[in-house]
Amino acid sequence: MGTWIAALRSERIKLGRSQIMLLAVIDPVLCAVIGLLANVGNGEGAWAGLLLAMMVLHAMLFLPIMTGIFSAYVCRYEHAGGGWKQILSLPVSRSALYSSKLLVVMGALALNQLLFLVAVLGVGALKGFDLALIPWADFGIKLLGGFIACLPLAALQLFVSTMWSSFAAPLVLNVIFTIPNILIANSATYGPYYPWAQPMLVMMQAGGQYDFGAFGLPIETLLITVGGSFVLFLAAGLTYFNRKPV
Amino acid sequence: MIGKLLVTDLLKMRRTGIWWVVLVGSVGLTAMQALNFGLRYDYLVNDAYASDPWGGLIESTGLFVPIAIYLAMTLLMSMIANIENRQNSWKQTLALPVRRSQVFASKFLSCLIQLLAACVLLTVSTLILGLVLKLPGPIPYMELATFGFYPMLASLPMLGVMLWLTLTVRNQAIPIALGIAASLTSVFGASMPELLPLSWPALALHGEQAMRFVGLGIGVFAVLYLLGSLHFSRKDVA
């Protein structure tokens, strides 16, 4: 446990002076621009409408892709200049190292979701919506759900990021599977089983007023896909990393 | 000299997975449409696009062409730059008796060759898909040949920015994140004001003014290329 916390701290230190904050800001800023341009009436359900308008791009494309970028980012130091050799020669188990990297990715994702919430609240305040009407419970469930739905992708991306030394290669994989979201989210047959579409489906679904294509599914189905794929990808990644020749 | 540089650059790109990106990107777009048309053939061919099935195929593929091209430019340039970054070989490459502007030009040309190859692959694979689906009506060869090519030329400003950033910034995360963010917003390109270069590929795809946006794209690219080349020629090598 002690070494695990130390590994986590060293991961945090490695990210300390990097531009990961800059990366986490891009998505909320762009979504805020879309929110400002969106035509949302100021009345009943104004906040939910604003969230929906800003969420489409965020949940459909940005969230899965930022997951890939964060995962590739935490492996960057190790791939550059033989870092794997140095860090694996330390008395820390590979599983502890891997899980601390995964936890850092999760932290970055949580930060991204929080900044997105800030962007939504900021845009709403700028548009003069009534701050007393913010549906905190609805926002909270949607953001938390979106965060959880990203975890399988984080596990998968960390797996390929440790495998391939190029920064761009894991992202290519991620992007290729994320773009079809635009089509797949409309399909009730395939949507529920496509890991890359889960953040969108969960974020749209939680609260359940959007009933179209794969969006009208019970939340349990989505959580089974998310949980199952997370276990699968994490097990594959850990097995690979524990046997990886350095 | 530029020819030799280009040959060495293409040689360095073997076994790096770059050509896989070219292949998977263009054929992947077609595969997506193959699924789309295969799963709902009756609805798409006999109903939604009944008047012009070939046009429908080109249009629904074309929807994804701008984002695919932007992403390809970002990822390809980053992988090209990564070859030199990873082996720390900028010093060695630039110590050779070649001009830096020529090194820059050769990186650009190799990326352009890959993009052109991707456009050709897209045309051929879409044609094959249409033939396999037995779409009725005359084959629109002209549109097939241009629906990847025009948006590619109209999105050249992005390549200018990426050339500049990836070859001068060592931390590839920054250009990649910026490039991906720009690509994702380009999905909404058709509804953006014409002033924004992000909307050009989508506009070059549809409107009658395709050539105007192709021209604009090439013009803006030329400026960005010159600026990038100047900066690259003068900067210190670490």
# chains A, B, ... in the order shown; residues from 1 in each chain; ligands from 1
$ closest_atom_pairs --of "chain B" --to "chain A" --cutoff "10 Å" --atoms "only C-alpha atoms" --output "tab-separated table"
residue	atom	partner	partner_atom	distance
B:Thr16	CA	A:Ser166	CA	8.8
B:Gly17	CA	A:Ala169	CA	7.8
B:Ile18	CA	A:Ala169	CA	8.8
B:Trp20	CA	A:Val172	CA	10.0
B:Val21	CA	A:Val172	CA	7.3
B:Val24	CA	A:Ile176	CA	8.3
B:Gly25	CA	A:Ile176	CA	7.4
B:Gly28	CA	A:Ile176	CA	7.8
B:Leu29	CA	A:Pro180	CA	9.0
B:Met32	CA	A:Pro180	CA	7.2
B:Gln33	CA	A:Leu183	CA	9.7
B:Asn36	CA	A:Leu183	CA	8.1
B:Phe64	CA	A:Ile179	CA	8.3
B:Ile67	CA	A:Ile179	CA	8.7
B:Ala68	CA	A:Ile179	CA	8.6
B:Leu71	CA	A:Val175	CA	8.2
B:Ala72	CA	A:Val172	CA	8.8
B:Thr74	CA	A:Ala168	CA	9.0
B:Leu75	CA	A:Ala168	CA	6.0
B:Leu76	CA	A:Ala168	CA	8.3
B:Met77	CA	A:Ala168	CA	9.5
B:Ser78	CA	A:Ala168	CA	6.6
B:Met79	CA	A:Ala168	CA	6.2
B:Ile80	CA	A:Ala168	CA	10.0
B:Asn82	CA	A:Ser166	CA	7.2
B:Ile83	CA	A:Ser166	CA	8.9
B:Asn85	CA	A:Ala80	CA	9.1
B:Arg86	CA	A:Ala80	CA	6.7
B:Gln87	CA	A:Gly81	CA	8.8
B:Asn88	CA	A:Gly81	CA	9.1
B:Asn171	CA	A:Arg76	CA	9.2
B:Gln172	CA	A:Phe167	CA	7.3
B:Ala173	CA	A:Tyr73	CA	7.0
B:Ile174	CA	A:Leu23	CA	7.5
B:Ile176	CA	A:Ala168	CA	7.8
B:Ala177	CA	A:Leu23	CA	6.6
B:Leu178	CA	A:Ile26	CA	7.8
B:Ile180	CA	A:Ile65	CA	8.3
B:Ala181	CA	A:Ile26	CA	7.3
B:Ala182	CA	A:Leu30	CA	9.3
B:Leu184	CA	A:Leu61	CA	6.9
B:Thr185	CA	A:Leu57	CA	8.0
B:Val187	CA	A:Leu57	CA	9.2
B:Phe188	CA	A:Leu57	CA	9.5
$ residues_around --residues "Val98 of chain B" --least-positions-apart "4" --cutoff "9 Å" --atoms "only C-alpha atoms" --output "list in words"
Met1, Ile2, Leu5, Thr93, Leu94, Gln102 and Val103 of chain B
$ write_last_selection --atoms "C-alpha atoms" --output "PDB file, in the first residue's frame"
ATOM      1  CA  MET B   1      18.363  17.270 -53.256  1.00  0.00           C
ATOM      2  CA  ILE B   2      14.706  17.468 -52.313  1.00  0.00           C
ATOM      3  CA  LEU B   5      15.405  13.875 -48.859  1.00  0.00           C
ATOM      4  CA  THR B  93      19.323  15.238 -39.849  1.00  0.00           C
ATOM      5  CA  LEU B  94      19.996  18.954 -39.690  1.00  0.00           C
ATOM      6  CA  GLN B 102      14.313  21.548 -47.793  1.00  0.00           C
ATOM      7  CA  VAL B 103      13.962  19.279 -44.766  1.00  0.00           C
TER       8      VAL B 103
END
$ residues_around --residues "Phe147 of chain B" --least-positions-apart "4" --cutoff "7 Å" --atoms "only C-alpha atoms" --output "list in words"
Gly62, Glu143, Pro151 and Leu205 of chain B
$ write_last_selection --atoms "C-alpha atoms" --output "compact mmCIF listing (two decimals), in the first residue's frame"
# COMPACT_ATOMS: atom_id res chain seq x y z
CA GLY B 62 -18.81 12.86 -47.55
CA GLU B 143 -17.91 13.27 -58.13
CA PRO B 151 -12.11 18.92 -49.18
CA LEU B 205 -17.86 19.28 -50.60
$ residues_around --residues "Pro28 of chain A" --least-positions-apart "6" --cutoff "9 Å" --atoms "only C-alpha atoms" --output "JSON, numbers by chain"
{"A": [58, 112, 113, 115, 116, 117, 118, 119, 120]}
$ atom_distance --atom1 "atom CA of Leu238 of chain A" --atom2 "atom CA of Met163 of chain A"
11.3 Å
$ closest_residue --among "B:Gly219, B:Pro66, B:Pro97, B:Gly38" --to "Tyr150 of chain B" --atoms "only C-alpha atoms"
B:Pro66
$ closest_residue --among "A:Val160, A:Lys85, A:Pro152, A:Val40" --to "Phe129 of chain A" --atoms "only C-alpha atoms"
A:Val40
$ residues_around --residues "Thr30 of chain B" --least-positions-apart "4" --cutoff "8 Å" --atoms "only C-alpha atoms" --output "ChimeraX atom specification"
/B:26,34,61,122,125-126,129
$ atom_distance --atom1 "atom CA of Ile5 of chain A" --atom2 "atom CA of Phe230 of chain A"
22.6 Å
$ residues_around --residues "Leu156 of chain A" --least-positions-apart "3" --cutoff "10 Å" --atoms "only C-alpha atoms" --output "ChimeraX atom specification"
/A:67-68,71,151-153,159-161,170,174,229-230,232-237
$ closest_residue --among "A:Arg94, A:Met1, A:Cys75, A:Cys150" --to "Tyr240 of chain A" --atoms "only C-alpha atoms"
A:Arg94
$ select_by_dssp --residues "segment 73-144 of chain B" --states "helix (DSSP H, G or I)" --output "PyMOL selection string"
chain B and resi 73-86+90-95+100-132+141-144
$ write_last_selection --atoms "C-alpha atoms" --output "short mmCIF file (atom, residue, chain, number, x, y, z; two decimals), in the first residue's frame"
data_model
loop_
_atom_site.label_atom_id
_atom_site.label_comp_id
_atom_site.auth_asym_id
_atom_site.auth_seq_id
_atom_site.Cartn_x
_atom_site.Cartn_y
_atom_site.Cartn_z
CA MET B 73 -3.40 15.61 -41.08
CA THR B 74 -2.96 15.86 -37.31
CA LEU B 75 -2.02 12.26 -36.70
CA LEU B 76 0.14 11.79 -39.79
CA MET B 77 2.17 14.93 -39.13
CA SER B 78 2.62 13.98 -35.51
CA MET B 79 3.83 10.51 -36.48
CA ILE B 80 6.20 11.98 -39.07
CA ALA B 81 7.64 14.39 -36.50
CA ASN B 82 7.79 11.62 -33.94
CA ILE B 83 10.27 9.67 -36.06
CA GLU B 84 12.83 12.43 -35.55
CA ASN B 85 11.79 13.29 -32.01
CA ARG B 86 11.97 9.77 -30.66
CA TRP B 90 16.84 16.23 -35.46
CA LYS B 91 20.46 17.12 -34.72
CA GLN B 92 21.76 14.47 -37.06
CA THR B 93 19.32 15.24 -39.85
CA LEU B 94 20.00 18.95 -39.69
CA ALA B 95 23.75 18.46 -39.46
CA ARG B 100 16.49 23.33 -43.38
CA SER B 101 13.81 24.65 -45.67
CA GLN B 102 14.31 21.55 -47.79
CA VAL B 103 13.96 19.28 -44.77
CA PHE B 104 10.73 21.10 -43.98
CA ALA B 105 9.54 20.78 -47.57
CA SER B 106 10.31 17.09 -47.65
CA LYS B 107 8.27 16.46 -44.49
CA PHE B 108 5.41 18.36 -46.10
CA LEU B 109 5.67 16.45 -49.37
CA SER B 110 5.68 13.07 -47.66
CA CYS B 111 2.54 14.00 -45.76
CA LEU B 112 0.92 15.27 -48.95
CA ILE B 113 1.73 12.03 -50.73
CA GLN B 114 0.04 10.10 -47.95
CA LEU B 115 -3.03 12.33 -48.05
CA LEU B 116 -3.29 11.96 -51.83
CA ALA B 117 -2.97 8.20 -51.46
CA ALA B 118 -5.78 8.28 -48.92
CA CYS B 119 -7.98 10.25 -51.35
CA VAL B 120 -7.34 7.75 -54.13
CA LEU B 121 -8.07 4.86 -51.78
CA LEU B 122 -11.31 6.53 -50.72
CA THR B 123 -12.40 6.99 -54.34
CA VAL B 124 -11.56 3.41 -55.30
CA SER B 125 -13.10 1.82 -52.21
CA THR B 126 -16.30 3.86 -52.52
CA LEU B 127 -16.56 2.88 -56.19
CA ILE B 128 -16.12 -0.78 -55.26
CA LEU B 129 -18.70 -0.46 -52.48
CA GLY B 130 -21.19 1.06 -54.91
CA LEU B 131 -20.61 -1.71 -57.42
CA VAL B 132 -20.91 -4.41 -54.73
CA TYR B 141 -16.98 9.23 -61.87
CA MET B 142 -16.34 12.94 -61.59
CA GLU B 143 -17.91 13.27 -58.13
CA LEU B 144 -16.23 10.10 -56.94
#
